[in-house]
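Shown below: target_4.txt, with compact mmCIF, C-alpha atoms.
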```txt
# COMPACT_ATOMS: atom_id res chain seq x y z
CA GLN A 25 63.42 225.61 113.54
CA GLY A 26 65.66 223.88 116.04
CA ASN A 27 68.55 223.46 113.63
CA GLY A 28 69.10 227.19 113.07
CA GLN A 29 67.25 227.35 109.77
CA LEU A 30 64.17 229.33 108.82
CA MET A 31 62.02 228.57 105.78
CA THR A 32 59.96 231.28 104.12
CA SER A 33 57.63 231.52 101.15
CA GLY A 34 54.41 233.17 100.07
CA ASP A 35 53.28 234.58 96.74
CA VAL A 36 56.57 233.52 95.12
CA PRO A 37 57.51 230.28 93.32
CA ILE A 38 60.23 229.27 95.81
CA ILE A 39 60.80 228.24 99.41
CA ARG A 40 63.82 230.12 100.71
CA VAL A 41 65.95 228.49 103.43
CA TRP A 42 67.84 230.86 105.72
CA ASP A 43 70.71 230.29 108.15
CA VAL A 44 69.49 232.40 111.07
CA GLU A 45 72.86 232.61 112.84
CA ARG A 46 74.67 233.97 109.77
CA GLU A 47 71.58 235.84 108.50
CA LEU A 48 72.12 234.40 105.00
CA SER A 49 69.93 232.74 102.42
CA ILE A 50 71.41 229.26 101.87
CA GLN A 51 68.97 227.55 99.50
CA ASP A 52 66.05 228.27 97.17
CA ILE A 53 63.69 225.37 96.46
CA PRO A 54 61.42 225.67 93.40
CA THR A 55 57.84 224.92 94.42
CA GLY A 56 56.15 224.48 91.06
CA THR A 57 53.55 227.02 92.19
CA GLU A 58 54.03 229.79 89.65
CA THR A 59 50.27 230.44 89.49
CA THR A 60 49.43 230.16 93.21
CA CYS A 61 50.87 230.99 96.62
CA ILE A 62 52.21 229.04 99.59
CA THR A 63 49.81 229.46 102.53
CA SER A 64 51.56 227.31 105.18
CA LEU A 65 54.95 225.65 105.75
CA ARG A 66 55.95 222.96 108.25
CA HIS A 67 58.95 220.65 108.51
CA GLN A 68 58.74 217.02 109.58
CA PRO A 69 59.91 216.70 113.18
CA ASN A 70 62.89 214.41 113.68
CA SER A 71 63.55 213.90 109.97
CA SER A 72 67.16 213.99 108.90
CA LYS A 73 68.21 217.64 109.32
CA ASP A 74 64.49 218.61 109.21
CA SER A 75 64.65 217.80 105.51
CA ILE A 76 60.98 216.97 104.83
CA VAL A 77 58.81 220.06 104.37
CA VAL A 78 55.07 220.20 103.74
CA ALA A 79 53.56 223.27 102.09
CA GLY A 80 49.88 224.16 101.82
CA CYS A 81 49.00 226.07 98.66
CA GLY A 82 46.36 228.47 97.46
CA ASP A 83 45.35 226.07 94.67
CA GLY A 84 44.20 223.44 97.20
CA ALA A 85 47.26 221.21 96.84
CA VAL A 86 49.60 220.10 99.61
CA ARG A 87 53.13 219.74 98.31
CA MET A 88 55.89 217.79 100.04
CA PHE A 89 59.57 218.61 99.57
CA ASP A 90 62.85 217.02 100.53
CA ILE A 91 65.36 219.87 100.83
CA ARG A 92 68.24 217.40 100.42
CA CYS A 93 67.22 216.81 96.78
CA SER A 94 68.61 218.84 93.94
CA GLN A 95 67.09 222.26 93.54
CA LYS A 96 65.27 221.17 90.37
CA ASN A 97 63.63 218.11 91.95
CA GLY A 98 62.57 219.21 95.42
CA VAL A 99 58.89 218.20 95.12
CA THR A 100 58.47 214.61 96.33
CA ALA A 101 54.64 214.43 96.35
CA VAL A 102 51.57 216.50 95.58
CA LEU A 103 48.53 215.68 97.70
CA GLY A 104 45.35 216.81 95.93
CA GLY A 105 41.67 216.76 96.68
CA HIS A 106 41.06 220.07 98.41
CA THR A 107 38.89 222.64 96.66
CA GLY A 108 39.76 225.72 98.73
CA TRP A 109 42.94 227.43 99.90
CA ILE A 110 44.90 225.36 102.39
CA LEU A 111 44.67 227.02 105.81
CA ASN A 112 47.22 224.73 107.42
CA ALA A 113 49.14 221.62 106.40
CA THR A 114 51.18 220.01 109.14
CA ILE A 115 53.07 216.90 110.18
CA PRO A 116 52.20 216.18 113.83
CA ALA A 117 55.30 215.56 115.98
CA GLY A 118 53.86 212.37 117.46
CA ASN A 119 52.88 210.85 114.11
CA ILE A 120 55.60 211.62 111.57
CA HIS A 121 53.93 209.50 108.87
CA THR A 122 50.82 211.72 108.80
CA VAL A 123 50.09 214.97 107.01
CA ALA A 124 46.95 216.76 108.19
CA SER A 125 45.44 219.51 106.07
CA GLY A 126 42.41 221.77 106.23
CA ASP A 127 41.02 224.20 103.65
CA THR A 128 38.72 227.22 103.50
CA GLU A 129 35.81 225.08 102.26
CA GLY A 130 35.72 223.10 105.53
CA ASP A 131 37.45 219.97 104.24
CA VAL A 132 39.95 218.17 106.50
CA LYS A 133 42.19 215.39 105.25
CA PHE A 134 44.68 213.10 106.99
CA TRP A 135 47.26 211.54 104.67
CA ASP A 136 49.75 208.72 105.18
CA ILE A 137 52.95 210.02 103.56
CA ARG A 138 54.00 206.46 102.70
CA ALA A 139 50.92 206.10 100.42
CA THR A 140 50.02 209.51 99.02
CA ASN A 141 47.57 208.51 96.26
CA SER A 142 44.50 209.23 98.45
CA PRO A 143 43.82 210.53 101.97
CA ARG A 144 43.63 208.10 104.90
CA ASN A 145 40.61 210.03 106.26
CA SER A 146 38.55 212.88 104.86
CA TRP A 147 35.77 214.95 106.41
CA ASN A 148 33.75 218.04 105.60
CA VAL A 149 33.60 219.58 109.06
CA HIS A 150 32.33 223.08 108.44
CA LYS A 151 29.48 224.53 106.39
CA GLY A 152 30.50 227.84 104.89
CA GLU A 153 33.97 229.33 105.03
CA MET A 154 36.43 227.86 107.52
CA THR A 155 39.02 230.40 108.71
CA SER A 156 41.44 228.38 110.84
CA PHE A 157 42.70 224.82 111.26
CA ALA A 158 44.98 223.27 113.89
CA VAL A 159 46.02 219.71 114.77
CA HIS A 160 47.23 218.22 118.06
CA ASP A 161 50.84 217.00 117.82
CA TYR A 162 50.28 213.64 119.54
CA ILE A 163 46.74 212.47 118.83
CA ASP A 164 44.46 212.71 115.78
CA VAL A 165 42.44 215.62 117.14
CA PHE A 166 41.85 218.81 115.20
CA CYS A 167 39.93 222.04 115.58
```
Written as structure tokens, that's how I'd like the structure from this file.
Amino acid sequence: QGNGQLMTSGDVPIIRVWDVERELSIQDIPTGTETTCITSLRHQPNSSKDSIVVAGCGDGAVRMFDIRCSQKNGVTAVLGGHTGWILNATIPAGNIHTVASGDTEGDVKFWDIRATNSPRNSWNVHKGEMTSFAVHDYIDVFC
């Protein structure tokens, strides 16, 4: 990331924040995903110190974190509704109030992070297993 930090995760119940200049781990954020894995990580562009992080999970949930919160309360929202593993969950740079997510079952969802109770838009775009998902940073276009 542009601020000299790197965030990593995977089949572990934490997101680890690294200071890349000092090559040191500086923070561990509990994810609440003890029974699943993190499949994608993305920070919110232009948020205060890149503090908002969105994580796609193997259980079909998209979890949002604020790394400024205490280590016990990092999860700020859980966006549900997917049935397959999240291939990618992202916050487009040109629309910082949107989370876009796609799963292995072919479902794509666009969420407004100010109202996370249900997706703004939802589509089933692929019959069979979807293997990749990407979103344009400045317009609501995905592939």
**Request:** For atom CA of A:Thr59 and atom CA of A:Val77, quote the distance in Å rounded to one decimal.
**Result:** 20.1 Å
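Atom CA of A:Cys93 lies 18.1 Å from atom CA of A:Ser33.
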**Message:** Considering all atoms listed in the file, can you say which of A:Thr60, A:Leu65, A:Ile38, A:Ile76 comes closest to A:Gly108?
**Reply:** A:Thr60
**Asked** Could you work out how far atom CA of A:Arg87 lies from atom CA of A:Ala101, giving the answer in Å with one decimal?
**Response** 5.9 Å
**Asked** So which residues touch stretch 145-153 of chain A within 12 Å, counting all atoms listed in the file, skipping near sequence neighbours fewer than 4 positions away, as an MDAnalysis selection string?
**Response** chainID A and resid 104:111 122:136 140 157 164 166:167
Just C-alpha atoms for this one: save the residues we selected as a short mmCIF file (atom, residue, chain, number, x, y, z; two decimals), in the coordinates of the input.
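What follows is the written file again11.cif:
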```cif
data_model
loop_
_atom_site.label_atom_id
_atom_site.label_comp_id
_atom_site.auth_asym_id
_atom_site.auth_seq_id
_atom_site.Cartn_x
_atom_site.Cartn_y
_atom_site.Cartn_z
CA GLY A 104 45.35 216.81 95.93
CA GLY A 105 41.67 216.76 96.68
CA HIS A 106 41.06 220.07 98.41
CA THR A 107 38.89 222.64 96.66
CA GLY A 108 39.76 225.72 98.73
CA TRP A 109 42.94 227.43 99.90
CA ILE A 110 44.90 225.36 102.39
CA LEU A 111 44.67 227.02 105.81
CA THR A 122 50.82 211.72 108.80
CA VAL A 123 50.09 214.97 107.01
CA ALA A 124 46.95 216.76 108.19
CA SER A 125 45.44 219.51 106.07
CA GLY A 126 42.41 221.77 106.23
CA ASP A 127 41.02 224.20 103.65
CA THR A 128 38.72 227.22 103.50
CA GLU A 129 35.81 225.08 102.26
CA GLY A 130 35.72 223.10 105.53
CA ASP A 131 37.45 219.97 104.24
CA VAL A 132 39.95 218.17 106.50
CA LYS A 133 42.19 215.39 105.25
CA PHE A 134 44.68 213.10 106.99
CA TRP A 135 47.26 211.54 104.67
CA ASP A 136 49.75 208.72 105.18
CA THR A 140 50.02 209.51 99.02
CA PHE A 157 42.70 224.82 111.26
CA ASP A 164 44.46 212.71 115.78
CA PHE A 166 41.85 218.81 115.20
CA CYS A 167 39.93 222.04 115.58
#
```
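Minimum atom-to-atom distances from A:Ile163, A:Ala113, A:Val99, A:Ile91 to A:Ser75 were compared using all atoms listed in the file, and the lowest value belongs to A:Ile91.
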**Request:** Around the point (51.8, 235.4, 95.7), in the coordinates given by the file, pick out the residues reaching within 7 Å, counting all atoms listed in the file, and return them as a PyMOL selection string.
**Result:** chain A and resi 34-36+60-61
**Request:** Please provide as a ChimeraX atom specification all residues within 7 Å of A:Ile39, with the sequence filter that same-chain residues fewer than 4 positions apart are discarded (counting only C-alpha atoms).
**Result:** /A:31-33,52-55
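In terms of minimum interatomic distance to A:Leu103, A:Val86 ranks closest within A:Val86, A:Met154, A:Cys81, A:Leu48, counting only C-alpha atoms.
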**Request:** Would you mind telling me which residue in A:Ala158, A:Val102, A:Pro37, A:Asn112 lies nearest to A:Ser142 when using all atoms listed in the file?
**Result:** A:Val102
**Message:** Residues within 6 Å of A:Val41, please, as a ChimeraX atom specification. Count only C-alpha atoms; anything in the same chain fewer than 3 positions from it doesn't count.
**Reply:** /A:30-31,49-51
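Residue nearest A:His67 within the list A:Gly28, A:Pro143, A:Ile115, A:Arg92: A:Ile115 [criterion: smallest interatomic distance, all atoms listed in the file].
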Incomplete stretch 141-167 of chain A brought to N, CA, C and O atoms, written out as a compact mmCIF listing (two decimals), keeping the file's coordinate frame:
```txt
# COMPACT_ATOMS: atom_id res chain seq x y z
N ASN A 141 48.52 208.45 97.37
CA ASN A 141 47.57 208.51 96.26
C ASN A 141 46.17 208.96 96.69
O ASN A 141 45.41 209.46 95.87
N SER A 142 45.80 208.76 97.95
CA SER A 142 44.50 209.23 98.45
C SER A 142 44.60 209.42 99.96
O SER A 142 45.42 208.79 100.63
N PRO A 143 43.74 210.29 100.52
CA PRO A 143 43.82 210.53 101.97
C PRO A 143 43.40 209.30 102.78
O PRO A 143 42.57 208.50 102.34
N ARG A 144 43.99 209.17 103.96
CA ARG A 144 43.63 208.10 104.90
C ARG A 144 42.23 208.35 105.44
O ARG A 144 41.43 207.44 105.58
N ASN A 145 41.93 209.61 105.77
CA ASN A 145 40.61 210.03 106.26
C ASN A 145 40.28 211.37 105.64
O ASN A 145 41.17 212.19 105.39
N SER A 146 38.99 211.62 105.43
CA SER A 146 38.55 212.88 104.86
C SER A 146 37.19 213.23 105.43
O SER A 146 36.31 212.37 105.52
N TRP A 147 37.03 214.48 105.85
CA TRP A 147 35.77 214.95 106.41
C TRP A 147 35.45 216.35 105.89
O TRP A 147 36.35 217.13 105.62
N ASN A 148 34.17 216.66 105.78
CA ASN A 148 33.75 218.04 105.60
C ASN A 148 33.18 218.45 106.94
O ASN A 148 32.12 218.00 107.35
N VAL A 149 33.92 219.29 107.66
CA VAL A 149 33.60 219.58 109.06
C VAL A 149 32.96 220.94 109.29
O VAL A 149 32.58 221.25 110.42
N HIS A 150 32.84 221.74 108.24
CA HIS A 150 32.33 223.08 108.44
C HIS A 150 31.52 223.51 107.23
O HIS A 150 31.98 223.41 106.10
N LYS A 151 30.31 223.98 107.47
CA LYS A 151 29.48 224.53 106.39
C LYS A 151 29.81 226.01 106.27
O LYS A 151 29.84 226.73 107.25
N GLY A 152 30.07 226.47 105.07
CA GLY A 152 30.50 227.84 104.89
C GLY A 152 32.01 227.92 104.93
O GLY A 152 32.72 226.91 104.85
N GLU A 153 32.53 229.13 105.08
CA GLU A 153 33.97 229.33 105.03
C GLU A 153 34.64 229.03 106.36
O GLU A 153 34.26 229.56 107.39
N MET A 154 35.63 228.15 106.34
CA MET A 154 36.43 227.86 107.52
C MET A 154 37.62 228.82 107.51
O MET A 154 38.22 229.08 106.47
N THR A 155 37.98 229.38 108.67
CA THR A 155 39.02 230.40 108.71
C THR A 155 40.29 229.97 109.43
O THR A 155 41.30 230.67 109.37
N SER A 156 40.26 228.83 110.12
CA SER A 156 41.44 228.38 110.84
C SER A 156 41.40 226.87 110.98
O SER A 156 40.33 226.25 111.00
N PHE A 157 42.59 226.26 111.10
CA PHE A 157 42.70 224.82 111.26
C PHE A 157 43.96 224.50 112.04
O PHE A 157 45.03 225.01 111.72
N ALA A 158 43.83 223.69 113.07
CA ALA A 158 44.98 223.27 113.89
C ALA A 158 44.84 221.80 114.24
O ALA A 158 43.72 221.27 114.33
N VAL A 159 45.97 221.14 114.46
CA VAL A 159 46.02 219.71 114.77
C VAL A 159 46.88 219.50 116.00
O VAL A 159 47.94 220.12 116.15
N HIS A 160 46.44 218.59 116.89
CA HIS A 160 47.23 218.22 118.06
C HIS A 160 48.45 217.44 117.59
O HIS A 160 48.38 216.64 116.65
N ASP A 161 49.60 217.66 118.24
CA ASP A 161 50.84 217.00 117.82
C ASP A 161 50.91 215.52 118.15
O ASP A 161 51.68 214.78 117.53
N TYR A 162 50.10 215.02 119.11
CA TYR A 162 50.28 213.64 119.54
C TYR A 162 49.07 212.75 119.42
O TYR A 162 49.18 211.54 119.61
N ILE A 163 47.91 213.29 119.10
CA ILE A 163 46.74 212.47 118.83
C ILE A 163 45.99 213.07 117.65
O ILE A 163 46.11 214.24 117.35
N ASP A 164 45.18 212.24 116.96
CA ASP A 164 44.46 212.71 115.78
C ASP A 164 43.24 213.51 116.19
O ASP A 164 42.10 213.11 116.02
N VAL A 165 43.50 214.70 116.74
CA VAL A 165 42.44 215.62 117.14
C VAL A 165 42.72 216.95 116.44
O VAL A 165 43.85 217.42 116.41
N PHE A 166 41.67 217.53 115.88
CA PHE A 166 41.85 218.81 115.20
C PHE A 166 40.72 219.75 115.57
O PHE A 166 39.68 219.35 116.07
N CYS A 167 40.96 221.03 115.35
CA CYS A 167 39.93 222.04 115.58
C CYS A 167 40.06 223.14 114.56
O CYS A 167 41.05 223.26 113.88
```
